[in-house]
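As stored in protein_32.txt (compact mmCIF, C-alpha atoms):
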```
# COMPACT_ATOMS: atom_id res chain seq x y z
CA MET R 1 -244.61 -86.45 -270.93
CA LYS R 2 -241.99 -87.29 -268.32
CA LYS R 3 -241.38 -84.85 -265.49
CA ILE R 4 -237.73 -84.07 -264.81
CA ILE R 5 -236.85 -83.53 -261.16
CA PRO R 6 -234.31 -80.71 -260.83
CA PHE R 7 -230.86 -81.90 -259.84
CA PHE R 8 -230.71 -79.66 -256.76
CA VAL R 9 -233.94 -81.22 -255.48
CA VAL R 10 -232.48 -84.71 -255.80
CA VAL R 11 -229.34 -83.64 -253.92
CA ALA R 12 -231.40 -82.02 -251.18
CA LEU R 13 -233.51 -85.15 -250.75
CA LEU R 14 -230.41 -87.35 -250.54
CA ILE R 15 -228.86 -85.11 -247.89
CA LEU R 16 -232.11 -85.08 -245.92
CA PHE R 17 -232.43 -88.86 -246.10
CA GLN R 18 -228.81 -89.38 -245.06
CA SER R 19 -229.22 -86.95 -242.17
CA PHE R 20 -232.39 -88.70 -241.00
CA SER R 21 -230.80 -92.15 -241.25
CA THR R 22 -227.71 -91.05 -239.32
CA HIS R 23 -229.80 -89.41 -236.62
CA LYS R 24 -231.98 -92.48 -236.31
CA LYS R 25 -228.99 -94.81 -235.92
CA THR R 26 -227.12 -92.66 -233.39
CA ILE R 27 -227.75 -94.09 -229.93
CA SER R 28 -225.89 -92.85 -226.88
CA ILE R 29 -225.54 -94.47 -223.47
CA LEU R 30 -224.01 -93.12 -220.27
CA VAL R 31 -221.78 -95.30 -218.11
CA PHE R 32 -221.85 -94.10 -214.50
CA SER R 33 -219.30 -95.58 -212.09
CA LYS R 34 -219.18 -93.31 -209.04
CA THR R 35 -218.39 -95.08 -205.76
CA LYS R 36 -218.90 -93.98 -202.17
CA GLY R 37 -218.09 -97.36 -200.68
CA PHE R 38 -216.03 -100.31 -201.90
CA ARG R 39 -214.40 -99.62 -205.26
CA HIS R 40 -213.95 -102.50 -207.70
CA ASN R 41 -210.59 -102.64 -209.44
CA SER R 42 -212.36 -103.89 -212.58
CA ILE R 43 -214.24 -100.63 -213.21
CA ASN R 44 -211.76 -99.40 -215.83
CA ASP R 45 -211.90 -102.82 -217.50
CA GLY R 46 -215.68 -102.45 -217.60
CA LYS R 47 -215.50 -99.00 -219.17
CA THR R 48 -213.09 -100.25 -221.82
CA ALA R 49 -215.21 -103.30 -222.62
CA ILE R 50 -218.44 -101.29 -222.90
CA ALA R 51 -216.71 -98.76 -225.16
CA LYS R 52 -215.64 -101.65 -227.40
CA LEU R 53 -219.22 -102.95 -227.45
CA GLY R 54 -220.33 -99.50 -228.52
CA LYS R 55 -217.79 -99.37 -231.32
CA ALA R 56 -218.71 -102.86 -232.51
CA HIS R 57 -222.46 -102.24 -232.43
CA ARG R 58 -222.50 -98.56 -233.40
CA PHE R 59 -223.70 -96.80 -230.31
CA LEU R 60 -221.93 -93.95 -228.55
CA VAL R 61 -220.59 -94.40 -225.02
CA ASP R 62 -219.94 -91.61 -222.53
CA THR R 63 -218.40 -92.42 -219.16
CA THR R 64 -218.54 -90.36 -215.99
CA GLU R 65 -218.28 -90.36 -212.22
CA ASN R 66 -219.70 -86.84 -212.04
CA ALA R 67 -223.17 -87.05 -210.51
CA ALA R 68 -223.80 -83.40 -211.47
CA LEU R 69 -224.52 -84.68 -214.99
CA PHE R 70 -227.75 -86.20 -213.67
CA THR R 71 -230.01 -83.39 -214.83
CA GLU R 72 -233.22 -83.64 -216.80
CA ASN R 73 -231.74 -81.97 -219.89
CA ASN R 74 -228.50 -83.95 -219.92
CA LEU R 75 -230.07 -87.36 -219.35
CA LYS R 76 -232.37 -86.80 -222.33
CA LYS R 77 -229.35 -87.45 -224.57
CA TYR R 78 -229.09 -91.08 -223.53
CA ALA R 79 -231.10 -94.15 -224.46
CA ALA R 80 -229.84 -95.88 -221.32
CA VAL R 81 -227.74 -95.22 -218.23
CA ILE R 82 -225.46 -97.99 -217.01
CA PHE R 83 -224.62 -98.12 -213.31
CA LEU R 84 -221.24 -99.86 -213.48
CA ASN R 85 -220.20 -101.17 -210.06
CA THR R 86 -221.48 -98.09 -208.29
CA THR R 87 -221.53 -98.27 -204.50
CA GLY R 88 -223.08 -96.25 -201.71
CA ASP R 89 -224.96 -92.96 -201.88
CA VAL R 90 -223.94 -91.61 -205.28
CA LEU R 91 -226.76 -89.15 -206.11
CA ASP R 92 -228.20 -86.27 -204.09
CA ASP R 93 -231.94 -85.57 -203.84
CA GLN R 94 -232.07 -83.35 -206.92
CA GLN R 95 -230.08 -85.82 -209.01
CA GLN R 96 -232.31 -88.65 -207.85
CA LYS R 97 -235.37 -86.71 -208.95
CA ALA R 98 -233.83 -86.09 -212.38
CA PHE R 99 -233.09 -89.79 -212.80
CA GLU R 100 -236.61 -90.75 -211.75
CA GLN R 101 -237.98 -88.34 -214.37
CA TYR R 102 -235.64 -89.84 -216.95
CA ILE R 103 -236.95 -93.36 -216.31
CA GLN R 104 -240.55 -92.17 -216.19
CA ALA R 105 -240.04 -90.60 -219.62
CA GLY R 106 -239.08 -94.00 -221.04
CA GLY R 107 -235.36 -94.15 -220.31
CA GLY R 108 -233.37 -97.34 -219.84
CA TYR R 109 -231.34 -98.60 -216.89
CA VAL R 110 -228.62 -101.26 -216.83
CA GLY R 111 -227.22 -102.32 -213.47
CA ILE R 112 -223.98 -104.24 -213.27
CA HIS R 113 -222.87 -106.16 -210.17
CA ALA R 114 -222.45 -103.61 -207.36
CA ALA R 115 -225.25 -101.47 -208.79
CA THR R 116 -227.35 -103.29 -206.18
CA ASP R 117 -224.87 -102.14 -203.49
CA THR R 118 -226.05 -98.60 -204.15
CA GLU R 119 -228.56 -96.09 -202.72
CA TYR R 120 -230.00 -98.16 -199.86
CA ASP R 121 -232.00 -95.15 -198.62
CA TRP R 122 -233.74 -94.61 -201.96
CA PRO R 123 -236.50 -97.25 -202.19
CA TRP R 124 -237.44 -96.26 -205.75
CA TYR R 125 -233.93 -97.13 -206.89
CA GLY R 126 -234.02 -100.47 -205.10
CA LYS R 127 -237.18 -101.40 -206.99
CA LEU R 128 -235.66 -100.22 -210.28
CA ALA R 129 -232.48 -102.23 -209.76
CA GLY R 130 -234.60 -105.17 -208.62
CA ALA R 131 -232.91 -105.98 -205.31
CA TYR R 132 -230.28 -104.86 -202.84
CA PHE R 133 -226.96 -106.55 -202.11
CA MET R 134 -226.87 -108.47 -198.83
CA SER R 135 -223.57 -110.37 -198.73
CA HIS R 136 -221.20 -112.52 -200.75
CA PRO R 137 -218.80 -115.43 -200.26
CA ALA R 138 -215.35 -115.67 -201.88
CA VAL R 139 -215.06 -115.54 -205.66
CA GLN R 140 -215.74 -119.01 -207.04
CA GLU R 141 -217.22 -120.96 -209.92
CA ALA R 142 -220.91 -121.82 -209.89
CA LYS R 143 -223.72 -123.11 -212.06
CA PHE R 144 -226.20 -120.60 -213.44
CA ILE R 145 -229.56 -121.92 -214.58
CA VAL R 146 -231.03 -120.31 -217.69
CA LYS R 147 -234.69 -119.60 -216.96
CA ASN R 148 -235.51 -117.65 -220.12
CA ARG R 149 -233.81 -118.13 -223.48
CA LYS R 150 -236.09 -115.77 -225.41
CA HIS R 151 -234.46 -112.59 -224.12
CA PRO R 152 -231.47 -111.10 -226.01
CA ALA R 153 -229.36 -111.36 -222.84
CA THR R 154 -229.68 -115.16 -222.86
CA SER R 155 -230.86 -116.16 -226.35
CA PHE R 156 -227.31 -117.05 -227.45
CA LEU R 157 -226.85 -119.64 -224.67
CA LYS R 158 -227.12 -123.15 -226.08
CA ASP R 159 -227.24 -125.04 -222.79
CA SER R 160 -229.58 -124.71 -219.82
CA VAL R 161 -226.60 -124.35 -217.46
CA TRP R 162 -223.93 -121.64 -217.70
CA ILE R 163 -220.81 -122.26 -215.62
CA HIS R 164 -219.16 -118.99 -214.66
CA LYS R 165 -216.68 -117.75 -212.04
CA ASP R 166 -217.50 -114.49 -210.27
CA GLU R 167 -218.34 -112.87 -206.96
CA LEU R 168 -221.70 -114.38 -206.13
CA TYR R 169 -224.05 -111.92 -204.47
CA ASN R 170 -226.78 -112.79 -202.02
CA PHE R 171 -229.74 -110.40 -202.19
CA LYS R 172 -232.41 -108.85 -200.01
CA ASP R 173 -235.55 -106.88 -200.84
CA ILE R 174 -236.00 -108.64 -204.16
CA ASN R 175 -238.66 -106.95 -206.27
CA PRO R 176 -241.35 -109.60 -206.94
CA ASP R 177 -242.10 -108.03 -210.33
CA ILE R 178 -238.73 -108.80 -211.93
CA ASN R 179 -238.52 -111.26 -214.82
CA VAL R 180 -235.71 -113.65 -213.99
CA LEU R 181 -233.25 -114.66 -216.71
CA LEU R 182 -230.66 -116.55 -214.65
CA THR R 183 -230.73 -118.14 -211.23
CA ILE R 184 -227.77 -119.59 -209.39
CA ASP R 185 -227.66 -123.16 -208.09
CA GLU R 186 -226.62 -122.78 -204.47
CA ASN R 187 -225.65 -126.48 -204.37
CA SER R 188 -222.87 -125.74 -206.88
CA TYR R 189 -220.84 -123.45 -204.59
CA THR R 190 -220.36 -122.44 -200.96
CA GLY R 191 -221.96 -119.40 -199.35
CA GLY R 192 -225.39 -118.99 -200.94
CA LYS R 193 -228.08 -117.53 -198.67
CA ASN R 194 -231.12 -117.06 -200.89
CA GLY R 195 -232.12 -120.72 -201.06
CA LYS R 196 -233.93 -122.37 -203.96
CA PHE R 197 -234.89 -119.04 -205.54
CA HIS R 198 -231.67 -117.11 -206.08
CA PRO R 199 -232.01 -114.78 -209.08
CA PHE R 200 -228.80 -113.46 -210.59
CA SER R 201 -229.90 -111.63 -213.71
CA TRP R 202 -233.28 -110.12 -214.56
CA TYR R 203 -235.23 -107.47 -216.42
CA HIS R 204 -238.51 -105.63 -216.01
CA ASN R 205 -240.54 -102.63 -217.09
CA PHE R 206 -240.53 -100.13 -214.26
CA ASP R 207 -242.22 -96.76 -213.80
CA GLY R 208 -242.34 -96.03 -217.52
CA GLY R 209 -238.84 -97.27 -218.36
CA ARG R 210 -236.91 -100.52 -218.83
CA ALA R 211 -234.42 -102.04 -216.40
CA PHE R 212 -231.89 -104.86 -216.78
CA TYR R 213 -229.54 -106.15 -214.11
CA THR R 214 -226.76 -108.70 -214.02
CA SER R 215 -224.79 -109.56 -210.91
CA MET R 216 -221.83 -110.68 -212.98
CA GLY R 217 -218.99 -108.21 -213.50
CA HIS R 218 -216.81 -108.30 -210.38
CA THR R 219 -213.56 -109.71 -211.74
CA LYS R 220 -211.28 -108.26 -214.40
CA GLU R 221 -211.47 -111.59 -216.23
CA THR R 222 -215.24 -111.28 -216.61
CA TRP R 223 -214.75 -108.23 -218.84
CA THR R 224 -212.95 -110.32 -221.48
CA ASP R 225 -215.43 -113.21 -221.25
CA LYS R 226 -217.24 -113.39 -224.60
CA LEU R 227 -220.37 -114.99 -223.12
CA PHE R 228 -220.65 -112.31 -220.46
CA LEU R 229 -220.21 -109.53 -223.01
CA LYS R 230 -222.97 -111.04 -225.17
CA HIS R 231 -225.12 -111.26 -222.04
CA LEU R 232 -224.47 -107.61 -221.22
CA TYR R 233 -225.05 -106.44 -224.79
CA GLY R 234 -228.40 -108.23 -224.80
CA GLY R 235 -229.32 -106.38 -221.63
CA ILE R 236 -228.33 -103.07 -223.19
CA LEU R 237 -230.49 -103.86 -226.22
CA TYR R 238 -233.45 -104.40 -223.94
CA ALA R 239 -232.78 -101.23 -221.96
CA ILE R 240 -232.60 -99.06 -225.08
CA ASP R 241 -235.72 -100.76 -226.46
CA ARG R 242 -233.95 -102.33 -229.44
CA LYS R 243 -234.51 -106.02 -228.64
```

Written as structure tokens, how would this file's structure read?
Amino acid sequence: MKKIIPFFVVVALLILFQSFSTHKKTISILVFSKTKGFRHNSINDGKTAIAKLGKAHRFLVDTTENAALFTENNLKKYAAVIFLNTTGDVLDDQQQKAFEQYIQAGGGYVGIHAATDTEYDWPWYGKLAGAYFMSHPAVQEAKFIVKNRKHPATSFLKDSVWIHKDELYNFKDINPDINVLLTIDENSYTGGKNGKFHPFSWYHNFDGGRAFYTSMGHTKETWTDKLFLKHLYGGILYAIDRK
């Protein structure tokens, strides 16, 4: 004899399943762009571009320059925090502690360009970001060497060399534990100071969380560059543990 499932039970199960699926698919990221030093005029372009990435790939994007939002409870809402061209000392001691706890709990970090020109007196952050900014020459075109094509931030690149125009950072205090995705060929432009090993984009697991950094993102034009946006989206996927 067949058992008939009451209609209201079926409806309840469908609602529960839909609620679970929606909750599972809802991913939020926080874009943080506070500056206490040089301020890039491409920050608003970056916010707009990341919001479009969120809309296209179905994740929510909040933007802020309010460091007071760096609390343990608030950061729990986000799968990753993007430091978008931040500069200088942007977090106080309590906010730093909250962000450390967020990463230690498995949170994700994405650093873009001047994110390495940030928090020089916070060694933990320098290791998370992977390096600190040292200097840069004028904006110019250069050759970037693809060192790893298995990562989502570079898997779409068909050639071993990516030619891109940007502000080309030189770095200091490079974390030896980073996994390098792109290096820059210093023979292809003027002003490089890192020599044969000049990383420009990388990722690594750090202190319980995941960190991705790209030094691209200085110019307004970069934020409409389809290759760069694919590169950044791949980094976000890694940071939110969806690679």

Inset, instruction - Measure the distance from CA of Leu181 (chain R) to CA of Leu229 (chain R) in Å and round it to one decimal. - result: 15.4 Å

Inset, instruction - Mind checking which residues fall within 7 Å of Ile82 (chain R), counting only C-alpha atoms, ignoring those fewer than 2 positions away in the same chain, and posting them as JSON, numbers by chain? - result: {"R": [30, 31, 32, 80, 84, 109, 110, 111]}

Inset, instruction - Identify the residues around (-229.1, -110.5, -222.3) within a radius of 10 Å, measuring from only C-alpha atoms in the coordinates stated by the file, and give them as an MDAnalysis selection string. - result: chainID R and resid 148:157 181:182 201:203 212:214 227:239 243

Inset, instruction - May I have the residues within 7 Å of region 90-98 of chain R as a list in words, using all atoms listed in the file and disregarding those fewer than 3 positions away in the same chain? - result: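 Listing them by chain and then by number gives Lys34, Thr35, Lys36, Ala67, Phe70, Thr71, Glu72, Gln101, Tyr102 and Glu119 of chain R.
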
Inset, instruction - In Å, rounded to a single decimal, give me how far CA of Ile174 (chain R) is from CA of Asn66 (chain R). - result: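 Between these atoms lies a distance of 28.3 Å.
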
Please provide the set of residues having any atom within 9 Å of Phe38 (chain R), restricted to all atoms listed in the file, with same-chain residues fewer than 3 positions apart removed, written as a short mmCIF file (atom, residue, chain, number, x, y, z; two decimals) with C-alpha atoms, in the coordinates of the input.
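Result went into selection-v8.cif, see below:
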```cif
data_model
loop_
_atom_site.label_atom_id
_atom_site.label_comp_id
_atom_site.auth_asym_id
_atom_site.auth_seq_id
_atom_site.Cartn_x
_atom_site.Cartn_y
_atom_site.Cartn_z
CA THR R 35 -218.39 -95.08 -205.76
CA THR R 86 -221.48 -98.09 -208.29
CA THR R 87 -221.53 -98.27 -204.50
CA GLY R 88 -223.08 -96.25 -201.71
#
```

Inset, instruction - Write out as a list in words the residues lying within 6 Å of Phe133 (chain R), counting all atoms listed in the file and excluding same-chain residues fewer than 4 positions away. - result: Thr116, Asp117 and Phe171 of chain R

Legend entry - Answer as an NGL selection string, residues within 8 Å of (-231.0, -126.7, -209.2) using only C-alpha atoms: :R and (145 or 184-187 or 196)

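Note that the spacing between CA of Asn194 (chain R) and CA of Tyr125 (chain R) amounts to 21.0 Å.
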
Inset, instruction - Do a neighbour search on Thr183 (chain R) at 6 Å with all atoms listed in the file, toss out local chain neighbours closer than 5 positions, and write the hits as number ranges by chain. - result: R: 144-145, 198-200

Legend entry - R:Glu167, R:Phe206, R:Trp124, R:Lys193 ranked by distance to Ala105 (chain R), top pick (using all atoms listed in the file):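 So, comparing all the options, the nearest one is R:Phe206.
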